[in-house]
Amino acid sequence: MARLQLRDLCGVRSGDKGDISDLSLFADDEAAYEVIRSEVTAERVAAHFGDLVHGAVVRHEVPNVWALKFVMDHALGGGGPQSLRADNLGKTLGGALLRLEIDVPDDVAAAAPRNGRRAPLPN
């Protein structure tokens, strides 16, 4: 087993409306989807965000596009005009979710096209 961040297995799209954030993880292939489907539960996402999300986290599976959608209530500090957070948009939470670490079988980790492939930092 390998320990990887979600960013090594999938991408994320995000949205927000009021105080609700939705995050969708899109796996690169079926094997990666099966791993994130078993590892990334609503409870685990709620624990990952801790006190940032004060409401329910609901997961929806979208297997035909290898995706998981998470809808998080009371996740944006009251929404744009009410929040005291510097950047409370869904895209910020999407980036944070990609840092969640999960256990991945070695063969899935080795085949992941994103694994270890990051743009170099500027000098």
# chains A, B, ... in the order shown; residues from 1 in each chain; ligands from 1

call {"tool": "residues_around", "arguments": {"residues": "Arg44 (chain A)", "least_positions_apart": "5", "cutoff": "12 Å", "atoms": "only C-alpha atoms", "output": "ChimeraX atom specification"}}
result
/A:36-39,49-50,57-59,70,97,100-102

call {"tool": "atom_distance", "arguments": {"atom1": "CA of Leu9 (chain A)", "atom2": "CA of Met72 (chain A)"}}
result
21.8 Å

call {"tool": "atom_distance", "arguments": {"atom1": "CA of Ser24 (chain A)", "atom2": "CA of Leu93 (chain A)"}}
result
10.9 Å

call {"tool": "select_by_dssp", "arguments": {"residues": "region 1-114 of chain A", "states": "alpha helix (DSSP H)", "output": "PyMOL selection string"}}
result
chain A and resi 30-39+42-49+90-97+106-111

call {"tool": "write_last_selection", "arguments": {"atoms": "C-alpha atoms", "output": "PDB file, in the first residue's frame"}}
result
ATOM      1  CA  GLU A  30     -11.838   3.241 -12.888  1.00  0.00           C
ATOM      2  CA  ALA A  31      -9.243   1.771 -10.513  1.00  0.00           C
ATOM      3  CA  ALA A  32      -8.622   5.168  -8.920  1.00  0.00           C
ATOM      4  CA  TYR A  33     -12.382   5.723  -8.685  1.00  0.00           C
ATOM      5  CA  GLU A  34     -12.863   2.457  -6.801  1.00  0.00           C
ATOM      6  CA  VAL A  35     -10.144   3.449  -4.333  1.00  0.00           C
ATOM      7  CA  ILE A  36     -11.522   6.924  -3.666  1.00  0.00           C
ATOM      8  CA  ARG A  37     -15.059   5.507  -3.491  1.00  0.00           C
ATOM      9  CA  SER A  38     -14.027   3.186  -0.670  1.00  0.00           C
ATOM     10  CA  GLU A  39     -11.660   5.577   1.119  1.00  0.00           C
ATOM     11  CA  ALA A  42     -18.676  11.768   3.919  1.00  0.00           C
ATOM     12  CA  GLU A  43     -17.479  11.216   7.487  1.00  0.00           C
ATOM     13  CA  ARG A  44     -13.846  11.349   6.443  1.00  0.00           C
ATOM     14  CA  VAL A  45     -14.382  14.567   4.479  1.00  0.00           C
ATOM     15  CA  ALA A  46     -16.176  16.117   7.462  1.00  0.00           C
ATOM     16  CA  ALA A  47     -13.288  15.118   9.740  1.00  0.00           C
ATOM     17  CA  HIS A  48     -10.752  16.487   7.238  1.00  0.00           C
ATOM     18  CA  PHE A  49     -12.392  19.920   7.321  1.00  0.00           C
ATOM     19  CA  GLY A  90     -15.671  26.499  -2.659  1.00  0.00           C
ATOM     20  CA  LYS A  91     -12.514  26.465  -4.777  1.00  0.00           C
ATOM     21  CA  THR A  92     -10.446  27.020  -1.643  1.00  0.00           C
ATOM     22  CA  LEU A  93     -12.057  24.004  -0.002  1.00  0.00           C
ATOM     23  CA  GLY A  94     -11.495  21.990  -3.195  1.00  0.00           C
ATOM     24  CA  GLY A  95      -7.761  22.572  -2.996  1.00  0.00           C
ATOM     25  CA  ALA A  96      -7.797  21.618   0.663  1.00  0.00           C
ATOM     26  CA  LEU A  97      -9.656  18.376  -0.052  1.00  0.00           C
ATOM     27  CA  ASP A 106       0.649  -0.108  -5.031  1.00  0.00           C
ATOM     28  CA  ASP A 107      -0.510  -1.003  -8.547  1.00  0.00           C
ATOM     29  CA  VAL A 108      -3.080   1.830  -8.594  1.00  0.00           C
ATOM     30  CA  ALA A 109      -0.514   4.296  -7.241  1.00  0.00           C
ATOM     31  CA  ALA A 110       2.055   3.261  -9.858  1.00  0.00           C
ATOM     32  CA  ALA A 111      -0.469   3.674 -12.685  1.00  0.00           C
TER      33      ALA A 111
END

call {"tool": "atom_distance", "arguments": {"atom1": "CA of Leu76 (chain A)", "atom2": "CA of Leu6 (chain A)"}}
result
21.8 Å

call {"tool": "closest_residue", "arguments": {"among": "A:Leu98, A:Val65, A:Ala112, A:Ala75", "to": "Gly18 (chain A)", "atoms": "only C-alpha atoms"}}
result
A:Ala75

call {"tool": "closest_residue", "arguments": {"among": "A:Asp73, A:Asp8, A:Asp29, A:Asp16", "to": "Leu52 (chain A)", "atoms": "only C-alpha atoms"}}
result
A:Asp73

call {"tool": "closest_residue", "arguments": {"among": "A:Asp51, A:Asp28, A:Asp19, A:Glu61", "to": "Gly77 (chain A)", "atoms": "only C-alpha atoms"}}
result
A:Asp19

call {"tool": "decode", "arguments": {"residues": "region 33-71 of chain A", "atoms": "N, CA and C atoms", "output": "PDB file, in the first residue's frame"}}
result
ATOM      1  N   TYR A  33     -11.021   5.449  -9.172  1.00  0.00           N
ATOM      2  CA  TYR A  33     -12.382   5.723  -8.685  1.00  0.00           C
ATOM      3  C   TYR A  33     -12.774   4.731  -7.592  1.00  0.00           C
ATOM      4  N   GLU A  34     -12.496   3.461  -7.800  1.00  0.00           N
ATOM      5  CA  GLU A  34     -12.863   2.457  -6.801  1.00  0.00           C
ATOM      6  C   GLU A  34     -12.134   2.704  -5.479  1.00  0.00           C
ATOM      7  N   VAL A  35     -10.890   3.149  -5.562  1.00  0.00           N
ATOM      8  CA  VAL A  35     -10.144   3.449  -4.333  1.00  0.00           C
ATOM      9  C   VAL A  35     -10.742   4.656  -3.629  1.00  0.00           C
ATOM     10  N   ILE A  36     -10.974   5.742  -4.352  1.00  0.00           N
ATOM     11  CA  ILE A  36     -11.522   6.924  -3.666  1.00  0.00           C
ATOM     12  C   ILE A  36     -12.949   6.661  -3.187  1.00  0.00           C
ATOM     13  N   ARG A  37     -13.690   5.836  -3.913  1.00  0.00           N
ATOM     14  CA  ARG A  37     -15.059   5.507  -3.491  1.00  0.00           C
ATOM     15  C   ARG A  37     -15.050   4.787  -2.149  1.00  0.00           C
ATOM     16  N   SER A  38     -14.070   3.907  -1.938  1.00  0.00           N
ATOM     17  CA  SER A  38     -14.027   3.186  -0.670  1.00  0.00           C
ATOM     18  C   SER A  38     -13.369   3.996   0.449  1.00  0.00           C
ATOM     19  N   GLU A  39     -12.437   4.860   0.106  1.00  0.00           N
ATOM     20  CA  GLU A  39     -11.660   5.577   1.119  1.00  0.00           C
ATOM     21  C   GLU A  39     -12.236   6.944   1.516  1.00  0.00           C
ATOM     22  N   VAL A  40     -12.868   7.626   0.596  1.00  0.00           N
ATOM     23  CA  VAL A  40     -13.275   9.017   0.837  1.00  0.00           C
ATOM     24  C   VAL A  40     -14.775   9.050   1.138  1.00  0.00           C
ATOM     25  N   THR A  41     -15.089   8.877   2.394  1.00  0.00           N
ATOM     26  CA  THR A  41     -16.472   8.882   2.852  1.00  0.00           C
ATOM     27  C   THR A  41     -16.891  10.289   3.269  1.00  0.00           C
ATOM     28  N   ALA A  42     -18.179  10.479   3.432  1.00  0.00           N
ATOM     29  CA  ALA A  42     -18.676  11.768   3.919  1.00  0.00           C
ATOM     30  C   ALA A  42     -18.106  12.062   5.308  1.00  0.00           C
ATOM     31  N   GLU A  43     -18.011  11.038   6.137  1.00  0.00           N
ATOM     32  CA  GLU A  43     -17.479  11.216   7.487  1.00  0.00           C
ATOM     33  C   GLU A  43     -16.004  11.619   7.446  1.00  0.00           C
ATOM     34  N   ARG A  44     -15.275  11.026   6.548  1.00  0.00           N
ATOM     35  CA  ARG A  44     -13.846  11.349   6.443  1.00  0.00           C
ATOM     36  C   ARG A  44     -13.641  12.767   5.929  1.00  0.00           C
ATOM     37  N   VAL A  45     -14.466  13.190   4.980  1.00  0.00           N
ATOM     38  CA  VAL A  45     -14.382  14.567   4.479  1.00  0.00           C
ATOM     39  C   VAL A  45     -14.739  15.543   5.590  1.00  0.00           C
ATOM     40  N   ALA A  46     -15.793  15.245   6.344  1.00  0.00           N
ATOM     41  CA  ALA A  46     -16.176  16.117   7.462  1.00  0.00           C
ATOM     42  C   ALA A  46     -15.042  16.216   8.477  1.00  0.00           C
ATOM     43  N   ALA A  47     -14.405  15.099   8.792  1.00  0.00           N
ATOM     44  CA  ALA A  47     -13.288  15.118   9.740  1.00  0.00           C
ATOM     45  C   ALA A  47     -12.109  15.898   9.174  1.00  0.00           C
ATOM     46  N   HIS A  48     -11.858  15.772   7.876  1.00  0.00           N
ATOM     47  CA  HIS A  48     -10.752  16.487   7.238  1.00  0.00           C
ATOM     48  C   HIS A  48     -10.924  18.004   7.380  1.00  0.00           C
ATOM     49  N   PHE A  49     -12.150  18.479   7.226  1.00  0.00           N
ATOM     50  CA  PHE A  49     -12.392  19.920   7.321  1.00  0.00           C
ATOM     51  C   PHE A  49     -12.619  20.394   8.750  1.00  0.00           C
ATOM     52  N   GLY A  50     -12.935  19.498   9.648  1.00  0.00           N
ATOM     53  CA  GLY A  50     -13.081  19.859  11.053  1.00  0.00           C
ATOM     54  C   GLY A  50     -14.051  20.998  11.284  1.00  0.00           C
ATOM     55  N   ASP A  51     -13.600  22.021  11.994  1.00  0.00           N
ATOM     56  CA  ASP A  51     -14.454  23.147  12.373  1.00  0.00           C
ATOM     57  C   ASP A  51     -14.793  24.093  11.223  1.00  0.00           C
ATOM     58  N   LEU A  52     -14.223  23.879  10.045  1.00  0.00           N
ATOM     59  CA  LEU A  52     -14.581  24.733   8.904  1.00  0.00           C
ATOM     60  C   LEU A  52     -15.985  24.445   8.393  1.00  0.00           C
ATOM     61  N   VAL A  53     -16.450  23.222   8.577  1.00  0.00           N
ATOM     62  CA  VAL A  53     -17.785  22.831   8.119  1.00  0.00           C
ATOM     63  C   VAL A  53     -18.635  22.541   9.348  1.00  0.00           C
ATOM     64  N   HIS A  54     -19.712  23.310   9.506  1.00  0.00           N
ATOM     65  CA  HIS A  54     -20.559  23.181  10.698  1.00  0.00           C
ATOM     66  C   HIS A  54     -21.828  22.388  10.444  1.00  0.00           C
ATOM     67  N   GLY A  55     -22.106  22.042   9.207  1.00  0.00           N
ATOM     68  CA  GLY A  55     -23.318  21.299   8.885  1.00  0.00           C
ATOM     69  C   GLY A  55     -23.006  19.915   8.367  1.00  0.00           C
ATOM     70  N   ALA A  56     -24.028  19.324   7.766  1.00  0.00           N
ATOM     71  CA  ALA A  56     -23.907  17.966   7.232  1.00  0.00           C
ATOM     72  C   ALA A  56     -23.022  17.935   5.986  1.00  0.00           C
ATOM     73  N   VAL A  57     -22.357  16.814   5.810  1.00  0.00           N
ATOM     74  CA  VAL A  57     -21.616  16.520   4.583  1.00  0.00           C
ATOM     75  C   VAL A  57     -22.297  15.301   3.966  1.00  0.00           C
ATOM     76  N   VAL A  58     -22.782  15.467   2.744  1.00  0.00           N
ATOM     77  CA  VAL A  58     -23.486  14.390   2.051  1.00  0.00           C
ATOM     78  C   VAL A  58     -22.703  14.022   0.796  1.00  0.00           C
ATOM     79  N   ARG A  59     -22.515  12.716   0.582  1.00  0.00           N
ATOM     80  CA  ARG A  59     -21.780  12.232  -0.585  1.00  0.00           C
ATOM     81  C   ARG A  59     -22.741  11.638  -1.604  1.00  0.00           C
ATOM     82  N   HIS A  60     -22.499  11.980  -2.870  1.00  0.00           N
ATOM     83  CA  HIS A  60     -23.254  11.408  -3.984  1.00  0.00           C
ATOM     84  C   HIS A  60     -22.251  10.740  -4.919  1.00  0.00           C
ATOM     85  N   GLU A  61     -22.529   9.489  -5.295  1.00  0.00           N
ATOM     86  CA  GLU A  61     -21.670   8.768  -6.217  1.00  0.00           C
ATOM     87  C   GLU A  61     -22.169   8.975  -7.645  1.00  0.00           C
ATOM     88  N   VAL A  62     -21.234   9.227  -8.563  1.00  0.00           N
ATOM     89  CA  VAL A  62     -21.547   9.405  -9.978  1.00  0.00           C
ATOM     90  C   VAL A  62     -20.616   8.478 -10.769  1.00  0.00           C
ATOM     91  N   PRO A  63     -20.909   7.170 -10.751  1.00  0.00           N
ATOM     92  CA  PRO A  63     -19.975   6.195 -11.311  1.00  0.00           C
ATOM     93  C   PRO A  63     -19.784   6.298 -12.826  1.00  0.00           C
ATOM     94  N   ASN A  64     -20.767   6.820 -13.542  1.00  0.00           N
ATOM     95  CA  ASN A  64     -20.613   6.884 -14.998  1.00  0.00           C
ATOM     96  C   ASN A  64     -19.537   7.874 -15.431  1.00  0.00           C
ATOM     97  N   VAL A  65     -19.115   8.773 -14.558  1.00  0.00           N
ATOM     98  CA  VAL A  65     -18.003   9.692 -14.867  1.00  0.00           C
ATOM     99  C   VAL A  65     -16.902   9.596 -13.805  1.00  0.00           C
ATOM    100  N   TRP A  66     -16.911   8.486 -13.054  1.00  0.00           N
ATOM    101  CA  TRP A  66     -15.914   8.216 -12.017  1.00  0.00           C
ATOM    102  C   TRP A  66     -15.766   9.399 -11.055  1.00  0.00           C
ATOM    103  N   ALA A  67     -16.898   9.840 -10.503  1.00  0.00           N
ATOM    104  CA  ALA A  67     -16.880  11.026  -9.646  1.00  0.00           C
ATOM    105  C   ALA A  67     -17.608  10.788  -8.331  1.00  0.00           C
ATOM    106  N   LEU A  68     -17.182  11.549  -7.328  1.00  0.00           N
ATOM    107  CA  LEU A  68     -17.879  11.654  -6.055  1.00  0.00           C
ATOM    108  C   LEU A  68     -18.172  13.118  -5.816  1.00  0.00           C
ATOM    109  N   LYS A  69     -19.406  13.437  -5.445  1.00  0.00           N
ATOM    110  CA  LYS A  69     -19.791  14.828  -5.176  1.00  0.00           C
ATOM    111  C   LYS A  69     -20.120  14.941  -3.691  1.00  0.00           C
ATOM    112  N   PHE A  70     -19.539  15.933  -3.042  1.00  0.00           N
ATOM    113  CA  PHE A  70     -19.784  16.190  -1.629  1.00  0.00           C
ATOM    114  C   PHE A  70     -20.473  17.542  -1.489  1.00  0.00           C
ATOM    115  N   VAL A  71     -21.627  17.556  -0.842  1.00  0.00           N
ATOM    116  CA  VAL A  71     -22.353  18.791  -0.564  1.00  0.00           C
ATOM    117  C   VAL A  71     -22.208  19.055   0.930  1.00  0.00           C
TER     118      VAL A  71
END
